[in-house]
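K.L.:
Starting off with a structure, shown below.
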Amino acid sequence: MGESAARVLPSGWLPGQGQALAGVRVVEVAPNLPGPLAGAVLAADGAEVVRFEPPEGDALARVAPAYYRVIHQAKRILRLDLKEPDGQRSLQRELSRVDVLLTSLRPSTLARLGLASEEVRARHPGLVQVAIVGYPEPDQERSGHDLTYQAAAGTLEAGGEPSQPRVLVADYGGALAAVAACYRLLLARERSGRGGYQEIALSQAGAFFAQALAAGLTAPGGVLGGGIAAYHLYPCQDGWIALAALERRSWGRFCLAEGLEELEPLGHRPVAQVPHVRERLAERFRARTAAEWAERAARLDLPLEPVAPRPGGPASTFA
């Protein structure tokens with residue numbers, strides 16, 4: 001991996017990274033992010049992944065080339081026109097010797113490529129197929145992307161003007177759901193000897209991540225939405241600090257270390273009732289730098305972390 005690509009992702013960017021899927025072979029026919037991310041996780045767990053791309057390549061390679069290289073570094077990439085007979089034959093040859101077919105295309109597109117679930121099951125009865133779609137049945141043909149899934153889930157609105165998401169929760173959540181489906185179907189095949197099929201809807205992944213917001217936990221004023229002083233963001237000398245002292249033991253240890261014992265009974269009460277608590281904490285956090293707070297947190301085992309800058313380099317571009 002080149003240095004520029006290495007900077008795209010923090011260390012430990014994939015769950016697993018073991019050999020749980022050693023010997024498992026995967027065919028990936030999936031543009032954009034969710035399918036490729038799922039394939040990357042499977043590859044990191046030891047699977048052999050063959051990726052099919054159109055002759056012109058994938059859009060992500062043009063938009064974010066370093067990230068594209070990272071996601072696909074462990075895959076074998078074949079660029080073929082699957083609409084042509086030669087491409088179709090190559091794809092079917094690969095399917096005859098693999099365990100998993102991973103797609104992120106509409107059912108109508110899959111049907112045109114000979115990858116409809118019924119056709120795949122007839123030709124390759126032992127194959128496991130996981131199909132990432134936008135919406136669940138009967139709306140699999142409906143158009144969408146992470147932004148629209150989050151818009152529908154209510155995660156873009158924060159009491160005022162909606163904002164562009166910084167984290168693609170539907171795409172990444174859907175990718176991990178697809179990985180889980182692969183494991184689930186492979187386990188079922190071990191028991192039955194038969195392949196299986198499952199659809200993963202990205203809109204449902206977005207709704208899953210919105211549950212805490214819907215329950216009021218992360219809503220403005222909620223326990224995890226800035227509603228208590230013990231779980232909040234505070235400015236320090238040279239940046240910001242995230243305090244997450246949800247457990248009373250952690251909050252008590254923080255108050256004791258900072259000589260703020262009188263605040264201990266108040267840290268988990270609604271800030272609207274005890275606004276002076278947050279004011280006292282803000283004053284205390286401004287007394288040290290982020291690095292000093294990080295050192296203190298490590299020494300005292302406190303749930304306290306400096307707010308890091310945006311990871312990676314400059315923004316990707318379509319230019």
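Convention: chains lettered A, B, ... in structure tokens order; per-chain residue numbering from 1; ligands numbered from 1 as shown.
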Write out as a ChimeraX atom specification each polymer residue whose atoms come within 8 Å of segment 209-218 of chain A, counting only C-alpha atoms; drop sequence neighbours fewer than 5 positions from it.

P.N.:
/A:153-155,169-170,173,223-226

K.L.:
Just list as a VMD selection string whatever in segment 52-155 of chain A DSSP marks as alpha helix (DSSP H).

P.N.:
chain A and resid 59 to 63 65 to 72 85 to 95 107 to 112 117 to 123 146 to 153

K.L.:
Write out as a CSV table (one decimal) with N, CA and C atoms, in the first residue's frame the residues lying within 12 Å of Asp139 of chain A, counting only C-alpha atoms and excluding same-chain residues fewer than 6 positions away.

P.N.:
```
chain,number,residue,atom,x,y,z
A,106,ARG,N,-29.5,-3.5,-8.8
A,106,ARG,CA,-31.0,-3.7,-8.8
A,106,ARG,C,-31.3,-5.1,-9.3
A,107,PRO,N,-32.4,-5.7,-8.8
A,107,PRO,CA,-32.8,-7.0,-9.3
A,107,PRO,C,-32.9,-7.1,-10.8
A,108,SER,N,-33.5,-6.0,-11.4
A,108,SER,CA,-33.6,-6.0,-12.9
A,108,SER,C,-32.3,-6.1,-13.6
A,133,VAL,N,-29.3,-4.2,-1.8
A,133,VAL,CA,-30.3,-3.4,-2.5
A,133,VAL,C,-30.5,-2.1,-1.7
A,199,GLU,N,-31.2,-10.7,0.8
A,199,GLU,CA,-31.1,-9.3,0.5
A,199,GLU,C,-30.8,-8.5,1.7
A,201,ALA,N,-31.0,-4.5,2.7
A,201,ALA,CA,-31.5,-3.2,2.2
A,201,ALA,C,-30.7,-2.1,3.0
A,202,LEU,N,-30.1,-1.2,2.2
A,202,LEU,CA,-29.3,-0.1,2.8
A,202,LEU,C,-30.2,0.9,3.6
A,203,SER,N,-31.5,1.0,3.1
A,203,SER,CA,-32.4,1.9,3.9
A,203,SER,C,-32.7,1.4,5.3
```

K.L.:
Restricting the calculation to only C-alpha atoms: of A:Glu190, A:Glu279, A:Glu305, A:Asp146, which residue gets closest to Ala242 of chain A?

P.N.:
A:Glu305

K.L.:
Give me every strand (DSSP E or B) residue in segment 81-279 of chain A, going by DSSP on the backbone, as a ChimeraX atom specification.

P.N.:
/A:100-103,128-133,196-201,228,231-236,239-244,270

K.L.:
Give me the residues near Asn32 of chain A as number ranges by chain, where near means some atom within 12 Å (using only C-alpha atoms) and where sequence neighbours in that chain fewer than 4 positions away do not count.

P.N.:
A: 28, 36-39, 53, 57-64, 67-68, 71, 103-105, 132, 145-146, 171-172, 175

K.L.:
Restricting it to C-alpha atoms, dump the selection as a short mmCIF file (atom, residue, chain, number, x, y, z; two decimals), in the first residue's frame.

P.N.:
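Final output, saved to part-v7.cif:
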```
data_model
loop_
_atom_site.label_atom_id
_atom_site.label_comp_id
_atom_site.auth_asym_id
_atom_site.auth_seq_id
_atom_site.Cartn_x
_atom_site.Cartn_y
_atom_site.Cartn_z
CA GLU A 28 -17.99 -9.47 -6.15
CA PRO A 36 -16.80 -3.35 -2.14
CA LEU A 37 -16.54 -2.66 1.58
CA ALA A 38 -18.22 -5.97 2.38
CA GLY A 39 -15.81 -7.69 -0.02
CA GLU A 53 -15.67 -4.25 -12.99
CA GLY A 57 -13.36 0.83 -14.25
CA ASP A 58 -15.16 1.92 -11.10
CA ALA A 59 -16.27 5.47 -10.27
CA LEU A 60 -14.60 5.34 -6.85
CA ALA A 61 -11.21 4.97 -8.53
CA ARG A 62 -11.75 8.37 -10.14
CA VAL A 63 -13.30 10.09 -7.12
CA ALA A 64 -11.02 8.76 -4.36
CA TYR A 67 -9.25 4.86 -0.94
CA TYR A 68 -10.13 2.70 -3.93
CA ILE A 71 -10.44 -1.21 -0.37
CA THR A 103 -23.76 -8.00 -5.52
CA SER A 104 -25.06 -4.45 -5.12
CA LEU A 105 -27.23 -3.99 -8.19
CA ILE A 132 -27.31 -5.49 -1.44
CA HIS A 145 -27.96 6.45 -1.95
CA ASP A 146 -26.68 6.95 1.58
CA ASP A 171 -23.43 2.32 3.32
CA TYR A 172 -21.06 1.11 6.02
CA ALA A 175 -21.69 -3.50 4.25
#
```
